[in-house]
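As stored in run.pdb (PDB, C-alpha atoms):
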```
MODEL        1
ATOM      1  CA  MET A  21      76.738 102.705  78.606
ATOM      2  CA  GLN A  22      77.645 106.009  76.991
ATOM      3  CA  VAL A  23      80.374 106.328  74.344
ATOM      4  CA  LEU A  24      82.657 109.288  75.054
ATOM      5  CA  HIS A  25      85.324 108.475  72.456
ATOM      6  CA  GLU A  26      85.698 105.941  69.666
ATOM      7  CA  ASP A  27      88.512 105.414  67.170
ATOM      8  CA  ALA A  28      90.293 102.475  65.540
ATOM      9  CA  PHE A  29      92.560 101.984  68.568
ATOM     10  CA  LEU A  30      90.655 102.696  71.779
ATOM     11  CA  LEU A  31      87.282 103.413  73.342
ATOM     12  CA  ALA A  32      86.365 105.644  76.267
ATOM     13  CA  LEU A  33      83.075 104.497  77.787
ATOM     14  CA  ASP A  34      80.974 105.749  80.688
ATOM     15  CA  LYS A  35      80.042 102.840  82.982
ATOM     16  CA  PRO A  36      76.876 103.254  85.045
ATOM     17  CA  ALA A  37      76.881 102.336  88.736
ATOM     18  CA  GLY A  38      75.708  98.763  89.298
ATOM     19  CA  LEU A  39      77.095  97.356  86.039
ATOM     20  CA  LEU A  40      79.995  94.913  86.268
ATOM     21  CA  ALA A  41      83.145  95.891  84.362
ATOM     22  CA  VAL A  42      83.888  92.264  83.396
ATOM     23  CA  PRO A  43      81.854  89.057  83.793
ATOM     24  CA  GLY A  44      81.403  87.914  87.368
ATOM     25  CA  ARG A  45      81.348  84.396  88.765
ATOM     26  CA  GLY A  46      78.078  82.557  88.898
ATOM     27  CA  GLU A  47      74.764  82.608  87.142
ATOM     28  CA  GLY A  48      73.348  85.954  86.080
ATOM     29  CA  LYS A  49      76.669  87.799  86.131
ATOM     30  CA  SER A  50      77.532  87.732  82.438
ATOM     31  CA  ASP A  51      76.129  91.176  81.681
ATOM     32  CA  CYS A  52      78.957  93.683  81.950
ATOM     33  CA  LEU A  53      80.549  96.656  80.229
ATOM     34  CA  ALA A  54      83.070  94.444  78.400
ATOM     35  CA  ALA A  55      80.350  92.178  76.994
ATOM     36  CA  ARG A  56      78.200  95.108  75.906
ATOM     37  CA  ALA A  57      81.185  96.748  74.214
ATOM     38  CA  GLN A  58      82.130  93.535  72.393
ATOM     39  CA  GLN A  59      78.651  93.296  70.918
ATOM     40  CA  ARG A  60      79.386  96.536  69.067
ATOM     41  CA  TRP A  61      83.192  96.301  68.751
ATOM     42  CA  PRO A  62      84.226  92.599  68.663
ATOM     43  CA  ASP A  63      87.903  93.538  69.147
ATOM     44  CA  ALA A  64      87.276  95.544  72.348
ATOM     45  CA  LEU A  65      89.472  94.387  75.253
ATOM     46  CA  VAL A  66      89.536  95.481  78.892
ATOM     47  CA  VAL A  67      92.593  97.403  80.088
ATOM     48  CA  HIS A  68      91.548  98.344  83.631
ATOM     49  CA  ARG A  69      88.458  97.947  85.816
ATOM     50  CA  LEU A  70      86.052  99.827  88.024
ATOM     51  CA  ASP A  71      84.155  98.307  90.934
ATOM     52  CA  GLN A  72      80.585  97.331  90.090
ATOM     53  CA  ALA A  73      79.273 100.041  92.421
ATOM     54  CA  THR A  74      81.514 102.761  90.936
ATOM     55  CA  SER A  75      80.445 104.746  87.892
ATOM     56  CA  GLY A  76      82.505 106.599  85.327
ATOM     57  CA  LEU A  77      85.242 106.398  82.747
ATOM     58  CA  MET A  78      86.721 103.153  81.474
ATOM     59  CA  LEU A  79      89.164 102.709  78.602
ATOM     60  CA  LEU A  80      88.996  99.690  76.324
ATOM     61  CA  ALA A  81      91.620  98.747  73.737
ATOM     62  CA  ARG A  82      90.878  97.749  70.149
ATOM     63  CA  GLY A  83      92.971  94.594  69.720
ATOM     64  CA  THR A  84      95.718  92.861  71.677
ATOM     65  CA  GLU A  85      98.606  95.137  70.635
ATOM     66  CA  ILE A  86      96.837  98.295  71.834
ATOM     67  CA  GLN A  87      95.763  96.433  74.974
ATOM     68  CA  ARG A  88      99.441  95.702  75.653
ATOM     69  CA  ARG A  89     100.430  99.349  75.121
ATOM     70  CA  LEU A  90      97.640 100.739  77.280
ATOM     71  CA  SER A  91      98.276  98.185  80.035
ATOM     72  CA  ALA A  92     101.933  99.271  80.072
ATOM     73  CA  ALA A  93     100.870 102.933  80.269
ATOM     74  CA  PHE A  94      98.701 102.174  83.311
ATOM     75  CA  ALA A  95     101.466 100.128  84.936
ATOM     76  CA  GLU A  96     103.996 102.928  84.390
ATOM     77  CA  ARG A  97     101.534 105.529  85.759
ATOM     78  CA  GLN A  98     101.324 107.386  82.455
ATOM     79  CA  VAL A  99      97.513 107.472  82.721
ATOM     80  CA  HIS A 100      96.283 110.160  85.103
ATOM     81  CA  LYS A 101      92.891 109.611  86.773
ATOM     82  CA  GLN A 102      90.614 111.711  88.949
ATOM     83  CA  TYR A 103      87.555 110.601  90.892
ATOM     84  CA  GLU A 104      84.924 112.507  92.830
ATOM     85  CA  ALA A 105      83.362 111.143  96.001
ATOM     86  CA  ILE A 106      81.096 112.132  98.875
ATOM     87  CA  VAL A 107      82.277 110.878 102.257
ATOM     88  CA  HIS A 108      80.775 110.780 105.728
ATOM     89  CA  GLY A 109      81.822 113.493 108.158
ATOM     90  CA  HIS A 110      83.490 116.896 107.933
ATOM     91  CA  LEU A 111      86.947 116.341 106.455
ATOM     92  CA  PRO A 112      88.876 119.618 106.723
ATOM     93  CA  ALA A 113      91.475 120.707 104.184
ATOM     94  CA  PRO A 114      94.898 119.230 105.027
ATOM     95  CA  GLY A 115      96.569 122.617 105.425
ATOM     96  CA  THR A 116      99.096 122.062 102.654
ATOM     97  CA  GLU A 117     100.018 124.890 100.296
ATOM     98  CA  ASP A 118      98.244 123.330  97.330
ATOM     99  CA  GLY A 119      95.281 121.974  99.313
ATOM    100  CA  TRP A 120      96.102 118.328  98.591
ATOM    101  CA  GLY A 121      96.495 115.662 101.234
ATOM    102  CA  GLU A 122      97.855 112.142 100.811
ATOM    103  CA  ILE A 123      96.937 108.770 102.284
ATOM    104  CA  ASP A 124      99.912 106.395 102.241
ATOM    105  CA  LEU A 125      98.811 103.042 103.666
ATOM    106  CA  PRO A 126      99.733  99.556 102.374
ATOM    107  CA  LEU A 127      96.829  97.362 101.284
ATOM    108  CA  LEU A 128      96.239  93.632 101.047
ATOM    109  CA  ILE A 129      93.315  91.485  99.886
ATOM    110  CA  ASP A 130      91.400  90.273 102.952
ATOM    111  CA  TRP A 131      91.212  86.662 101.740
ATOM    112  CA  PRO A 132      88.828  85.295 104.406
ATOM    113  CA  ASN A 133      86.470  88.202 103.673
ATOM    114  CA  ARG A 134      86.801  88.613  99.902
ATOM    115  CA  PRO A 135      86.187  90.813  97.985
ATOM    116  CA  ARG A 136      87.240  93.130 100.804
ATOM    117  CA  SER A 137      90.726  94.592 101.111
ATOM    118  CA  LYS A 138      92.372  95.897 104.272
ATOM    119  CA  VAL A 139      95.249  98.025 105.520
ATOM    120  CA  GLU A 140      98.154  95.687 106.277
ATOM    121  CA  HIS A 141     101.498  97.091 107.415
ATOM    122  CA  ASN A 142     103.178  93.675 107.309
ATOM    123  CA  GLY A 143     103.155  92.429 103.731
ATOM    124  CA  GLY A 144     100.687  94.917 102.249
ATOM    125  CA  LYS A 145     101.363  96.486  98.863
ATOM    126  CA  PRO A 146     102.399 100.167  98.836
ATOM    127  CA  SER A 147      99.294 102.254  98.115
ATOM    128  CA  ARG A 148      98.902 106.020  97.798
ATOM    129  CA  THR A 149      95.865 108.246  97.304
ATOM    130  CA  ARG A 150      95.850 112.035  96.918
ATOM    131  CA  TRP A 151      92.733 113.895  98.065
ATOM    132  CA  LYS A 152      91.340 117.416  98.109
ATOM    133  CA  ALA A 153      88.249 118.722  99.897
ATOM    134  CA  LEU A 154      85.906 120.460  97.441
ATOM    135  CA  SER A 155      82.955 121.368  99.665
ATOM    136  CA  HIS A 156      81.112 120.495 102.873
ATOM    137  CA  ASP A 157      77.422 119.814 103.430
ATOM    138  CA  GLU A 158      76.906 120.583 107.095
ATOM    139  CA  GLY A 159      73.231 119.578 106.964
ATOM    140  CA  ARG A 160      74.021 116.081 105.749
ATOM    141  CA  GLY A 161      77.338 115.825 107.550
ATOM    142  CA  THR A 162      79.311 115.003 104.409
ATOM    143  CA  THR A 163      82.338 116.220 102.439
ATOM    144  CA  ARG A 164      82.789 116.192  98.669
ATOM    145  CA  LEU A 165      86.297 115.140  97.647
ATOM    146  CA  LEU A 166      88.489 115.093  94.576
ATOM    147  CA  LEU A 167      90.607 111.912  94.557
ATOM    148  CA  GLU A 168      93.724 110.930  92.627
ATOM    149  CA  PRO A 169      94.880 107.317  93.007
ATOM    150  CA  VAL A 170      98.668 107.234  92.608
ATOM    151  CA  THR A 171      98.574 103.432  92.754
ATOM    152  CA  GLY A 172      95.720 101.200  91.639
ATOM    153  CA  ARG A 173      95.016  98.573  94.292
ATOM    154  CA  SER A 174      91.704  96.769  94.636
ATOM    155  CA  HIS A 175      89.169  98.987  96.473
ATOM    156  CA  GLN A 176      92.013 101.425  97.217
ATOM    157  CA  LEU A 177      89.971 104.619  97.426
ATOM    158  CA  ARG A 178      87.272 102.977  99.505
ATOM    159  CA  VAL A 179      89.662 101.384 102.031
ATOM    160  CA  HIS A 180      91.889 104.450 102.312
ATOM    161  CA  LEU A 181      88.945 106.724 103.087
ATOM    162  CA  GLN A 182      87.584 104.244 105.609
ATOM    163  CA  ALA A 183      91.020 104.202 107.261
ATOM    164  CA  LEU A 184      90.978 108.001 107.346
ATOM    165  CA  GLY A 185      87.706 107.784 109.293
ATOM    166  CA  HIS A 186      85.570 109.114 106.430
ATOM    167  CA  PRO A 187      84.099 106.185 104.468
ATOM    168  CA  ILE A 188      82.358 106.894 101.172
ATOM    169  CA  VAL A 189      78.599 107.425 101.396
ATOM    170  CA  GLY A 190      76.718 104.369 100.151
ATOM    171  CA  ASP A 191      79.642 101.972 100.636
ATOM    172  CA  THR A 192      78.044  98.717 101.764
ATOM    173  CA  LEU A 193      81.428  97.015 102.245
ATOM    174  CA  TYR A 194      83.399  99.618 104.180
ATOM    175  CA  GLY A 195      80.951 102.209 105.452
ATOM    176  CA  PRO A 196      78.125 102.475 107.982
ATOM    177  CA  GLU A 197      74.612 101.586 106.941
ATOM    178  CA  ASP A 198      73.000 104.581 105.265
ATOM    179  CA  ARG A 199      70.136 105.291 102.905
ATOM    180  CA  ALA A 200      72.202 106.295  99.877
ATOM    181  CA  GLU A 201      70.881 104.916  96.610
ATOM    182  CA  ARG A 202      74.398 104.103  95.379
ATOM    183  CA  LEU A 203      78.112 104.317  96.162
ATOM    184  CA  MET A 204      79.041 108.001  95.846
ATOM    185  CA  LEU A 205      82.223 107.404  93.846
ATOM    186  CA  HIS A 206      82.672 108.388  90.195
ATOM    187  CA  ALA A 207      85.672 108.149  87.846
ATOM    188  CA  LYS A 208      85.335 111.542  86.218
ATOM    189  CA  GLU A 209      88.527 112.358  84.272
ATOM    190  CA  LEU A 210      91.331 110.578  82.420
ATOM    191  CA  TRP A 211      94.476 111.969  80.804
ATOM    192  CA  LEU A 212      96.799 109.912  78.603
ATOM    193  CA  ASP A 213      98.760 109.972  75.374
ATOM    194  CA  HIS A 214      97.104 108.142  72.481
ATOM    195  CA  PRO A 215      98.803 104.718  72.162
ATOM    196  CA  GLU A 216      99.201 105.088  68.376
ATOM    197  CA  SER A 217      99.521 108.798  67.546
ATOM    198  CA  GLY A 218     100.943 110.042  70.848
ATOM    199  CA  LYS A 219      98.391 112.866  70.906
ATOM    200  CA  ALA A 220      97.369 114.062  74.370
ATOM    201  CA  LEU A 221      93.845 112.884  75.262
ATOM    202  CA  HIS A 222      91.584 114.164  78.016
ATOM    203  CA  PHE A 223      88.213 112.525  78.717
ATOM    204  CA  VAL A 224      85.572 113.882  81.097
ATOM    205  CA  SER A 225      82.480 112.160  82.509
ATOM    206  CA  LYS A 226      79.892 114.310  84.270
ATOM    207  CA  VAL A 227      79.502 113.476  87.960
ATOM    208  CA  PRO A 228      75.950 112.103  88.443
ATOM    209  CA  PHE A 229      75.565 113.036  92.132
TER     210      PHE A 229
ENDMDL
END
```
Here is a file; write its structure as structure tokens.
Amino acid sequence: MQVLHEDAFLLALDKPAGLLAVPGRGEGKSDCLAARAQQRWPDALVVHRLDQATSGLMLLARGTEIQRRLSAAFAERQVHKQYEAIVHGHLPAPGTEDGWGEIDLPLLIDWPNRPRSKVEHNGGKPSRTRWKALSHDEGRGTTRLLLEPVTGRSHQLRVHLQALGHPIVGDTLYGPEDRAERLMLHAKELWLDHPESGKALHFVSKVPF
């Protein structure tokens, strides 16, 4: 766990792949980013989560009032996030003027197969993901993408890319079996206004793949 920012109101931490964001159910699942942070900052509280397999930026609040403010900022889409991913297949640019494409598919928790989610047009929650092709590796048959989740559903990026026909490399839930050492998905940038001062903040985590 790397500390990217620390002040009296919030923390920006870099979560490694494989570490839970919050405690899981069952024996041996108490080690997580939240628990590690609270050992150093007892008032640290989780505001949002990353999947265990995903690495990258997480914000934690210092105290309940800042947690409330940051949670509201996330809910009102005042926190801007970017991810980087490597997906299977050659995904061409969408042909739009700015190079960005959008996946607009409603998602729902797949209760019989939890923790999976699925595309569900009847009763699913509106879910949108913006994407941009950064590069192609023809030898490996993969595409590197920049991703912007407009909404924040469970496993949204992973399910949307699977639905597009280009699952993320190393995704054991939604992708084909491959030899990747990890899920190739990283939360690399966050923009928000400081919940106390209002100052514009921009955090960057180096992509590890």
At a cut-off of 12 Å, can you tabulate as a Markdown table every residue of range 77-150 of chain A near range 46-54 of chain A together with its closest atom pair and the distance in Å to one decimal, using all atoms listed in the file and ordering rows by chain then number?
```
| residue | atom | partner | partner_atom | distance |
| --- | --- | --- | --- | --- |
| A:Leu77 | CA | A:Leu53 | CA | 11.1 |
| A:Met78 | CA | A:Leu53 | CA | 9.0 |
| A:Leu79 | CA | A:Ala54 | CA | 10.3 |
| A:Leu80 | CA | A:Ala54 | CA | 8.2 |
| A:Ala81 | CA | A:Ala54 | CA | 10.6 |
| A:Arg82 | CA | A:Ala54 | CA | 11.8 |
```
Find the distance between CA of Lys145 in chain A and CA of Gln72 in chain A and write it in Å to one decimal. 22.6 Å
Just so the selection is clear, what residues does the PyMOL selection byres ((chain A and resi 143) around 9) cover here, as a PyMOL selection string? chain A and resi 126-128+140-142+144-145
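With distances restricted to only C-alpha atoms, A:Met21 is the closest residue to Asp34 in chain A from A:Ala153, A:Val224, A:Met21, A:Leu203.
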Within 6 Å of (80.6, 100.6, 83.6) (file coordinates; only C-alpha atoms), which protein or nucleic acid residues are there? I'd like them as a PyMOL selection string. chain A and resi 34-36+39+41+53+75
Excluding range 85-87 of chain A and any residue of its chain fewer than 3 positions from it, enumerate the residues within 9 Å of it, using all atoms listed in the file, and give them as a CSV table (one decimal) with C-alpha atoms, in the coordinates of the input.
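What landed in result19.csv:
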```
chain,number,residue,atom,x,y,z
A,29,PHE,CA,92.6,102.0,68.6
A,30,LEU,CA,90.7,102.7,71.8
A,64,ALA,CA,87.3,95.5,72.3
A,65,LEU,CA,89.5,94.4,75.3
A,66,VAL,CA,89.5,95.5,78.9
A,67,VAL,CA,92.6,97.4,80.1
A,80,LEU,CA,89.0,99.7,76.3
A,81,ALA,CA,91.6,98.7,73.7
A,82,ARG,CA,90.9,97.7,70.1
A,90,LEU,CA,97.6,100.7,77.3
A,91,SER,CA,98.3,98.2,80.0
A,92,ALA,CA,101.9,99.3,80.1
A,215,PRO,CA,98.8,104.7,72.2
A,216,GLU,CA,99.2,105.1,68.4
```
Could you write out as number ranges by chain the residues that the PyMOL selection byres ((chain A and resi 225) around 12) matches in the shown file? A: 21-25, 32-36, 75-78, 101-104, 206-210, 222-224, 226-229
Output the residue selection produced by the PyMOL selection byres ((chain A and resi 218) around 12) on the file above, formatted as a list in words. Phe29, Arg89, Leu90, Ala93, Gln98, Leu212, Asp213, His214, Pro215, Glu216, Ser217, Lys219, Ala220 and Leu221 of chain A
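The residue that comes closest to Ile106 in chain A, out of A:Arg164, A:His175, A:His180, A:Arg136 and on the basis of all atoms listed in the file, is A:Arg164.
Nearest to Thr163 in chain A of all the residues A:Ala55, A:Trp61, A:Pro187, A:Asp27 is A:Pro187, counting only C-alpha atoms.
The space between CA of Leu184 in chain A and CA of His68 in chain A spans 25.6 Å.
In terms of minimum interatomic distance to Arg178 in chain A, A:Thr192 ranks closest within A:Thr84, A:Gln58, A:Ser155, A:Thr192, counting all atoms listed in the file.
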Reconstruct range 150-161 of chain A at the level of all heavy atoms, and format the result as a PDB file, in the frame of the given file.
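Done, and the output landed in rebuild-v9.pdb:
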```
ATOM      1  N   ARG A 150      95.900 110.597  96.673  1.00  0.00           N
ATOM      2  CA  ARG A 150      95.850 112.035  96.918  1.00  0.00           C
ATOM      3  C   ARG A 150      94.386 112.472  97.011  1.00  0.00           C
ATOM      4  O   ARG A 150      93.541 111.945  96.297  1.00  0.00           O
ATOM      5  CB  ARG A 150      96.562 112.796  95.788  1.00  0.00           C
ATOM      6  CG  ARG A 150      98.066 112.743  95.894  1.00  0.00           C
ATOM      7  CD  ARG A 150      98.778 113.145  94.614  1.00  0.00           C
ATOM      8  NE  ARG A 150      98.206 114.313  93.964  1.00  0.00           N
ATOM      9  CZ  ARG A 150      98.501 115.590  94.264  1.00  0.00           C
ATOM     10  NH1 ARG A 150      99.346 115.849  95.250  1.00  0.00           N
ATOM     11  NH2 ARG A 150      97.953 116.592  93.594  1.00  0.00           N
ATOM     12  N   TRP A 151      94.112 113.436  97.892  1.00  0.00           N
ATOM     13  CA  TRP A 151      92.733 113.895  98.065  1.00  0.00           C
ATOM     14  C   TRP A 151      92.680 115.395  98.308  1.00  0.00           C
ATOM     15  O   TRP A 151      93.638 115.998  98.800  1.00  0.00           O
ATOM     16  CB  TRP A 151      92.045 113.153  99.218  1.00  0.00           C
ATOM     17  CG  TRP A 151      92.652 113.414 100.573  1.00  0.00           C
ATOM     18  CD1 TRP A 151      93.685 112.738 101.163  1.00  0.00           C
ATOM     19  CD2 TRP A 151      92.273 114.443 101.499  1.00  0.00           C
ATOM     20  NE1 TRP A 151      93.969 113.269 102.390  1.00  0.00           N
ATOM     21  CE2 TRP A 151      93.123 114.316 102.635  1.00  0.00           C
ATOM     22  CE3 TRP A 151      91.305 115.447 101.485  1.00  0.00           C
ATOM     23  CZ2 TRP A 151      93.018 115.162 103.728  1.00  0.00           C
ATOM     24  CZ3 TRP A 151      91.199 116.295 102.579  1.00  0.00           C
ATOM     25  CH2 TRP A 151      92.057 116.142 103.692  1.00  0.00           C
ATOM     26  N   LYS A 152      91.551 115.982  97.931  1.00  0.00           N
ATOM     27  CA  LYS A 152      91.340 117.416  98.109  1.00  0.00           C
ATOM     28  C   LYS A 152      89.879 117.656  98.460  1.00  0.00           C
ATOM     29  O   LYS A 152      88.989 117.140  97.781  1.00  0.00           O
ATOM     30  CB  LYS A 152      91.704 118.161  96.824  1.00  0.00           C
ATOM     31  CG  LYS A 152      91.754 119.667  96.952  1.00  0.00           C
ATOM     32  CD  LYS A 152      92.267 120.266  95.644  1.00  0.00           C
ATOM     33  CE  LYS A 152      92.597 121.742  95.815  1.00  0.00           C
ATOM     34  NZ  LYS A 152      93.190 122.302  94.566  1.00  0.00           N
ATOM     35  N   ALA A 153      89.618 118.399  99.509  1.00  0.00           N
ATOM     36  CA  ALA A 153      88.249 118.722  99.897  1.00  0.00           C
ATOM     37  C   ALA A 153      87.691 119.796  98.972  1.00  0.00           C
ATOM     38  O   ALA A 153      88.296 120.856  98.803  1.00  0.00           O
ATOM     39  CB  ALA A 153      88.205 119.190 101.349  1.00  0.00           C
ATOM     40  N   LEU A 154      86.540 119.513  98.354  1.00  0.00           N
ATOM     41  CA  LEU A 154      85.906 120.460  97.441  1.00  0.00           C
ATOM     42  C   LEU A 154      84.836 121.293  98.129  1.00  0.00           C
ATOM     43  O   LEU A 154      84.705 122.494  97.870  1.00  0.00           O
ATOM     44  CB  LEU A 154      85.294 119.713  96.248  1.00  0.00           C
ATOM     45  CG  LEU A 154      86.260 118.945  95.351  1.00  0.00           C
ATOM     46  CD1 LEU A 154      85.477 118.183  94.283  1.00  0.00           C
ATOM     47  CD2 LEU A 154      87.261 119.893  94.698  1.00  0.00           C
ATOM     48  N   SER A 155      84.034 120.653  98.981  1.00  0.00           N
ATOM     49  CA  SER A 155      82.955 121.368  99.665  1.00  0.00           C
ATOM     50  C   SER A 155      82.460 120.526 100.835  1.00  0.00           C
ATOM     51  O   SER A 155      82.744 119.323 100.917  1.00  0.00           O
ATOM     52  CB  SER A 155      81.793 121.657  98.702  1.00  0.00           C
ATOM     53  OG  SER A 155      81.213 120.454  98.232  1.00  0.00           O
ATOM     54  N   HIS A 156      81.699 121.180 101.728  1.00  0.00           N
ATOM     55  CA  HIS A 156      81.112 120.495 102.873  1.00  0.00           C
ATOM     56  C   HIS A 156      79.610 120.736 102.891  1.00  0.00           C
ATOM     57  O   HIS A 156      79.145 121.824 102.566  1.00  0.00           O
ATOM     58  CB  HIS A 156      81.726 121.000 104.178  1.00  0.00           C
ATOM     59  CG  HIS A 156      83.196 120.770 104.290  1.00  0.00           C
ATOM     60  ND1 HIS A 156      84.124 121.737 103.947  1.00  0.00           N
ATOM     61  CD2 HIS A 156      83.909 119.695 104.686  1.00  0.00           C
ATOM     62  CE1 HIS A 156      85.337 121.257 104.127  1.00  0.00           C
ATOM     63  NE2 HIS A 156      85.239 120.017 104.585  1.00  0.00           N
ATOM     64  N   ASP A 157      78.866 119.700 103.239  1.00  0.00           N
ATOM     65  CA  ASP A 157      77.422 119.814 103.430  1.00  0.00           C
ATOM     66  C   ASP A 157      77.152 119.591 104.918  1.00  0.00           C
ATOM     67  O   ASP A 157      77.066 118.448 105.376  1.00  0.00           O
ATOM     68  CB  ASP A 157      76.691 118.773 102.574  1.00  0.00           C
ATOM     69  CG  ASP A 157      75.175 118.947 102.574  1.00  0.00           C
ATOM     70  OD1 ASP A 157      74.633 119.400 103.612  1.00  0.00           O
ATOM     71  OD2 ASP A 157      74.531 118.620 101.566  1.00  0.00           O
ATOM     72  N   GLU A 158      77.048 120.690 105.647  1.00  0.00           N
ATOM     73  CA  GLU A 158      76.906 120.583 107.095  1.00  0.00           C
ATOM     74  C   GLU A 158      75.578 119.935 107.476  1.00  0.00           C
ATOM     75  O   GLU A 158      75.473 119.229 108.479  1.00  0.00           O
ATOM     76  CB  GLU A 158      77.022 121.966 107.738  1.00  0.00           C
ATOM     77  CG  GLU A 158      78.339 122.694 107.435  1.00  0.00           C
ATOM     78  CD  GLU A 158      79.568 121.938 107.906  1.00  0.00           C
ATOM     79  OE1 GLU A 158      79.426 120.994 108.723  1.00  0.00           O
ATOM     80  OE2 GLU A 158      80.676 122.281 107.462  1.00  0.00           O
ATOM     81  N   GLY A 159      74.529 120.163 106.659  1.00  0.00           N
ATOM     82  CA  GLY A 159      73.231 119.578 106.964  1.00  0.00           C
ATOM     83  C   GLY A 159      73.241 118.068 106.900  1.00  0.00           C
ATOM     84  O   GLY A 159      72.628 117.390 107.734  1.00  0.00           O
ATOM     85  N   ARG A 160      73.942 117.535 105.912  1.00  0.00           N
ATOM     86  CA  ARG A 160      74.021 116.081 105.749  1.00  0.00           C
ATOM     87  C   ARG A 160      75.236 115.476 106.430  1.00  0.00           C
ATOM     88  O   ARG A 160      75.353 114.251 106.512  1.00  0.00           O
ATOM     89  CB  ARG A 160      74.035 115.734 104.259  1.00  0.00           C
ATOM     90  CG  ARG A 160      72.750 116.119 103.536  1.00  0.00           C
ATOM     91  CD  ARG A 160      72.787 115.693 102.087  1.00  0.00           C
ATOM     92  NE  ARG A 160      71.534 116.031 101.394  1.00  0.00           N
ATOM     93  CZ  ARG A 160      71.304 115.777 100.111  1.00  0.00           C
ATOM     94  NH1 ARG A 160      72.232 115.195  99.377  1.00  0.00           N
ATOM     95  NH2 ARG A 160      70.147 116.125  99.576  1.00  0.00           N
ATOM     96  N   GLY A 161      76.139 116.325 106.883  1.00  0.00           N
ATOM     97  CA  GLY A 161      77.338 115.825 107.550  1.00  0.00           C
ATOM     98  C   GLY A 161      78.269 115.091 106.610  1.00  0.00           C
ATOM     99  O   GLY A 161      78.806 114.035 106.957  1.00  0.00           O
TER     100      GLY A 161
END
```
